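Chemist: My questions all concern the structure below.
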Amino acid sequence: MAAPERTERDITGLLNMAGHALSNRLGAALEGVGLTPRMQCVLVHALEEERTQIQLAVLADLDKTTMVSTVDELERQGLAERRASATDRRARIIAVTEKGRLMAEEGQRIVDRVHADALGALPEESRAAFVEALGALAGTSRDPGPQPIRRPRGR
C-alpha cells in the first residue's frame, strides 16, 4: 500500500512541535522565579481590569479545575486573592496583590525574552509577518473552525 500523496506540508505537526518546544522553554524560564505560564497568564489578565475567575479562565484558555488550582497556587504564594464581586455576590474577582504585580512584571520580562529568543531564529525582516500569520491561524480568520464539544452537565 502506498501512502496518500501530500499536497501541503504538515503545518499542524510543525505548529505543535514549535509550540511544544516554546512552551517548554517558557516554563523552564518562568520556573526560575516560581511561576508557571498559566500563573503568569492569569496575573497579567487580572491586572488589566477587574475580572472574575470565570472570565480569566476563558482568557487563559483554562478549564474550571485547572483555573481553581492555578488561583489556589497564586493565593498560596501571596500573589493574588479571591474577593467578592461588588456587582455579583456569587462571582469571585481575582485581585492581584502588590507582590503579584511585581512578580507579573518580572514574569513578563521573562516571557518577552523567551519570545524574542524564539523569533531570533528567523530573519529580522520576516518576524512581524510570521507573528501576524500566527495570529491569523490562531483565530482572527472569519471561520475559527470547529469548537470544542461541551458535554451537558449531569443532574
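A note on labels: chains of the C-alpha cells are A, B, ... as shown, every chain counts residues from 1, and ligands are counted from 1 in their shown order.
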Skipping near chain neighbours, those fewer than 2 positions away, what residues fall within 9 Å of Leu56 (chain A) using only C-alpha atoms, listed as a PyMOL selection string?
Modeler: chain A and resi 41-42+45-46+51-54+58-62+67+94
Chemist: Produce a table with one row for each residue of region 9-95 of chain A that has an atom at most 10 Å from any atom of region 112-127 of chain A, each row naming the nearest atom pair and its distance in Å at one decimal; use only C-alpha atoms; arrange rows by chain and rising residue number; format as a Markdown table.
Modeler:
```
| residue | atom | partner | partner_atom | distance |
| --- | --- | --- | --- | --- |
| A:Ala18 | CA | A:Ala118 | CA | 9.6 |
| A:Ala21 | CA | A:Ala118 | CA | 9.7 |
| A:Leu22 | CA | A:Ala118 | CA | 7.4 |
| A:Ser23 | CA | A:Val114 | CA | 9.6 |
| A:Arg25 | CA | A:Val114 | CA | 7.1 |
| A:Leu26 | CA | A:Val114 | CA | 6.2 |
| A:Gly27 | CA | A:Val114 | CA | 9.9 |
| A:Ala29 | CA | A:Val114 | CA | 7.7 |
| A:Leu30 | CA | A:Val114 | CA | 9.6 |
```
Chemist: Taking only region 5-136 of chain A into account, list the residues labelled strand (DSSP E or B) by DSSP (computed from the backbone), as a list of chain:residue names.
Modeler: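 Filtering region 5-136 of chain A down to strand (DSSP E or B) leaves A:Thr52, A:Ala80, A:Glu81, A:Arg82, A:Arg83, A:Ala84, A:Arg92, A:Ile93, A:Ile94, A:Ala95, A:Val96.
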Chemist: Which residues, written as a list of chain:residue names, have at least one atom at most 12 Å from Glu31 (chain A), with only C-alpha atoms counted and residues fewer than 6 positions away on the same chain left out?
Modeler: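 Everything that qualifies: A:Ser23, A:Asn24, A:Arg25, A:Pro37, A:Arg38, A:Met39, A:Gln40, A:Met103, A:Glu106, A:Gly107, A:Ile110, A:Val111.
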Chemist: Just the residues within 12 Å of Ala86 (chain A), please, counting only C-alpha atoms, with nothing from its chain fewer than 3 positions along; format it as a ChimeraX atom specification.
Modeler: /A:50-52,83,89-93
Chemist: Kindly save the residues from that selection, with N, CA and C atoms included, as a PDB file, in the first residue's frame.
Modeler:
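again_14.pdb was written with the following content:
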```pdb
ATOM      1  N   GLU A  50     -10.602  44.528  36.350  1.00  0.00           N
ATOM      2  CA  GLU A  50     -11.250  43.636  37.309  1.00  0.00           C
ATOM      3  C   GLU A  50     -11.972  42.533  36.549  1.00  0.00           C
ATOM      4  N   ARG A  51     -11.607  41.302  36.855  1.00  0.00           N
ATOM      5  CA  ARG A  51     -12.210  40.162  36.155  1.00  0.00           C
ATOM      6  C   ARG A  51     -12.526  39.052  37.142  1.00  0.00           C
ATOM      7  N   THR A  52     -13.574  38.316  36.806  1.00  0.00           N
ATOM      8  CA  THR A  52     -13.940  37.168  37.631  1.00  0.00           C
ATOM      9  C   THR A  52     -13.045  35.984  37.287  1.00  0.00           C
ATOM     10  N   ARG A  83     -11.807  37.767  45.840  1.00  0.00           N
ATOM     11  CA  ARG A  83     -12.648  38.734  46.535  1.00  0.00           C
ATOM     12  C   ARG A  83     -14.045  38.656  45.951  1.00  0.00           C
ATOM     13  N   ARG A  89     -22.734  39.057  43.811  1.00  0.00           N
ATOM     14  CA  ARG A  89     -22.241  38.420  45.038  1.00  0.00           C
ATOM     15  C   ARG A  89     -21.866  36.951  44.852  1.00  0.00           C
ATOM     16  N   ARG A  90     -22.328  36.337  43.762  1.00  0.00           N
ATOM     17  CA  ARG A  90     -21.958  34.939  43.500  1.00  0.00           C
ATOM     18  C   ARG A  90     -20.591  34.815  42.837  1.00  0.00           C
ATOM     19  N   ALA A  91     -20.133  35.901  42.212  1.00  0.00           N
ATOM     20  CA  ALA A  91     -18.877  35.870  41.453  1.00  0.00           C
ATOM     21  C   ALA A  91     -17.692  36.233  42.340  1.00  0.00           C
ATOM     22  N   ARG A  92     -16.547  35.698  41.976  1.00  0.00           N
ATOM     23  CA  ARG A  92     -15.296  35.989  42.673  1.00  0.00           C
ATOM     24  C   ARG A  92     -14.365  36.715  41.729  1.00  0.00           C
ATOM     25  N   ILE A  93     -13.850  37.846  42.188  1.00  0.00           N
ATOM     26  CA  ILE A  93     -12.854  38.621  41.456  1.00  0.00           C
ATOM     27  C   ILE A  93     -11.482  38.113  41.889  1.00  0.00           C
TER      28      ILE A  93
END
```
Chemist: Counting only C-alpha atoms, figure out which residue out of A:Ala57, A:Glu98, A:Val131, A:Thr87 gets nearest to Val71 (chain A).
Modeler: A:Ala57
Chemist: Pull the alpha helix (DSSP H) assignments for region 12-149 of chain A out of DSSP run on the backbone, and list those residues as an mmCIF file with C-alpha atoms, in the first residue's frame.
Modeler:
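Once everything was written out, this is out.cif:
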```cif
data_model
loop_
_atom_site.group_PDB
_atom_site.id
_atom_site.type_symbol
_atom_site.label_atom_id
_atom_site.label_comp_id
_atom_site.auth_asym_id
_atom_site.auth_seq_id
_atom_site.Cartn_x
_atom_site.Cartn_y
_atom_site.Cartn_z
ATOM 1 C CA THR A 12 -0.365 21.104 12.233
ATOM 2 C CA GLY A 13 2.564 18.922 13.169
ATOM 3 C CA LEU A 14 5.060 21.736 12.700
ATOM 4 C CA LEU A 15 2.994 24.163 14.787
ATOM 5 C CA ASN A 16 2.545 21.530 17.502
ATOM 6 C CA MET A 17 6.285 20.821 17.645
ATOM 7 C CA ALA A 18 7.172 24.520 17.675
ATOM 8 C CA GLY A 19 4.529 25.234 20.321
ATOM 9 C CA HIS A 20 5.736 22.355 22.488
ATOM 10 C CA ALA A 21 9.363 23.496 22.288
ATOM 11 C CA LEU A 22 8.457 27.115 23.047
ATOM 12 C CA SER A 23 6.152 26.103 25.922
ATOM 13 C CA ASN A 24 8.952 24.039 27.449
ATOM 14 C CA ARG A 25 11.401 26.947 27.178
ATOM 15 C CA LEU A 26 8.903 29.353 28.670
ATOM 16 C CA GLY A 27 8.009 27.004 31.508
ATOM 17 C CA ALA A 28 11.656 26.450 32.396
ATOM 18 C CA ALA A 29 12.412 30.183 32.299
ATOM 19 C CA LEU A 30 9.426 31.143 34.479
ATOM 20 C CA GLU A 31 10.190 28.340 36.914
ATOM 21 C CA PRO A 37 2.974 30.043 32.247
ATOM 22 C CA ARG A 38 -0.610 29.621 33.486
ATOM 23 C CA MET A 39 0.058 31.668 36.607
ATOM 24 C CA GLN A 40 1.720 34.399 34.545
ATOM 25 C CA CYS A 41 -1.187 34.498 32.118
ATOM 26 C CA VAL A 42 -3.762 34.782 34.921
ATOM 27 C CA LEU A 43 -1.786 37.508 36.700
ATOM 28 C CA VAL A 44 -1.422 39.605 33.555
ATOM 29 C CA HIS A 45 -5.101 39.336 32.611
ATOM 30 C CA ALA A 46 -6.200 40.039 36.198
ATOM 31 C CA LEU A 47 -4.066 43.186 36.232
ATOM 32 C CA GLU A 48 -5.602 44.513 33.002
ATOM 33 C CA GLN A 53 -12.343 33.779 37.926
ATOM 34 C CA ILE A 54 -14.590 32.558 35.094
ATOM 35 C CA GLN A 55 -13.609 35.441 32.804
ATOM 36 C CA LEU A 56 -9.939 34.799 33.497
ATOM 37 C CA ALA A 57 -10.352 31.085 32.775
ATOM 38 C CA VAL A 58 -11.771 31.920 29.344
ATOM 39 C CA LEU A 59 -8.974 34.408 28.568
ATOM 40 C CA ALA A 60 -6.288 31.971 29.743
ATOM 41 C CA LYS A 64 -12.524 25.140 35.625
ATOM 42 C CA THR A 65 -10.432 22.641 37.594
ATOM 43 C CA THR A 66 -7.124 23.953 36.261
ATOM 44 C CA MET A 67 -8.207 27.542 36.931
ATOM 45 C CA VAL A 68 -9.108 26.733 40.535
ATOM 46 C CA SER A 69 -5.753 25.057 41.182
ATOM 47 C CA THR A 70 -3.905 27.933 39.465
ATOM 48 C CA VAL A 71 -5.629 30.555 41.620
ATOM 49 C CA ASP A 72 -5.088 28.364 44.708
ATOM 50 C CA GLU A 73 -1.353 28.453 43.991
ATOM 51 C CA LEU A 74 -1.380 32.208 43.359
ATOM 52 C CA GLU A 75 -3.093 32.668 46.737
ATOM 53 C CA ARG A 76 -0.681 30.283 48.463
ATOM 54 C CA GLU A 98 1.433 44.147 45.166
ATOM 55 C CA LYS A 99 3.765 41.139 45.382
ATOM 56 C CA GLY A 100 1.825 39.592 42.485
ATOM 57 C CA ARG A 101 2.104 42.753 40.405
ATOM 58 C CA LEU A 102 5.870 42.808 40.871
ATOM 59 C CA MET A 103 6.064 39.105 40.032
ATOM 60 C CA ALA A 104 3.921 39.612 36.913
ATOM 61 C CA GLU A 105 6.272 42.379 35.753
ATOM 62 C CA GLU A 106 9.296 40.108 36.227
ATOM 63 C CA GLY A 107 7.434 37.262 34.537
ATOM 64 C CA GLN A 108 6.579 39.472 31.570
ATOM 65 C CA ARG A 109 10.235 40.378 31.101
ATOM 66 C CA ILE A 110 10.980 36.646 31.001
ATOM 67 C CA VAL A 111 8.120 35.933 28.564
ATOM 68 C CA ASP A 112 9.263 38.755 26.285
ATOM 69 C CA ARG A 113 12.855 37.474 26.370
ATOM 70 C CA VAL A 114 11.835 33.888 25.550
ATOM 71 C CA HIS A 115 9.657 35.095 22.687
ATOM 72 C CA ALA A 116 12.392 37.379 21.349
ATOM 73 C CA ASP A 117 14.870 34.496 21.509
ATOM 74 C CA ALA A 118 12.457 32.249 19.590
ATOM 75 C CA LEU A 119 11.860 34.897 16.935
ATOM 76 C CA GLU A 124 14.604 40.029 11.179
ATOM 77 C CA GLU A 125 12.606 41.118 8.137
ATOM 78 C CA SER A 126 10.326 38.044 8.453
ATOM 79 C CA ARG A 127 9.446 38.274 12.154
ATOM 80 C CA ALA A 128 6.497 40.676 12.025
ATOM 81 C CA ALA A 129 4.895 38.792 9.128
ATOM 82 C CA PHE A 130 5.387 35.494 10.960
ATOM 83 C CA VAL A 131 3.688 36.793 14.112
ATOM 84 C CA GLU A 132 0.838 38.238 12.044
ATOM 85 C CA ALA A 133 0.417 34.927 10.219
ATOM 86 C CA LEU A 134 0.307 33.028 13.523
ATOM 87 C CA GLY A 135 -2.379 35.418 14.736
#
```
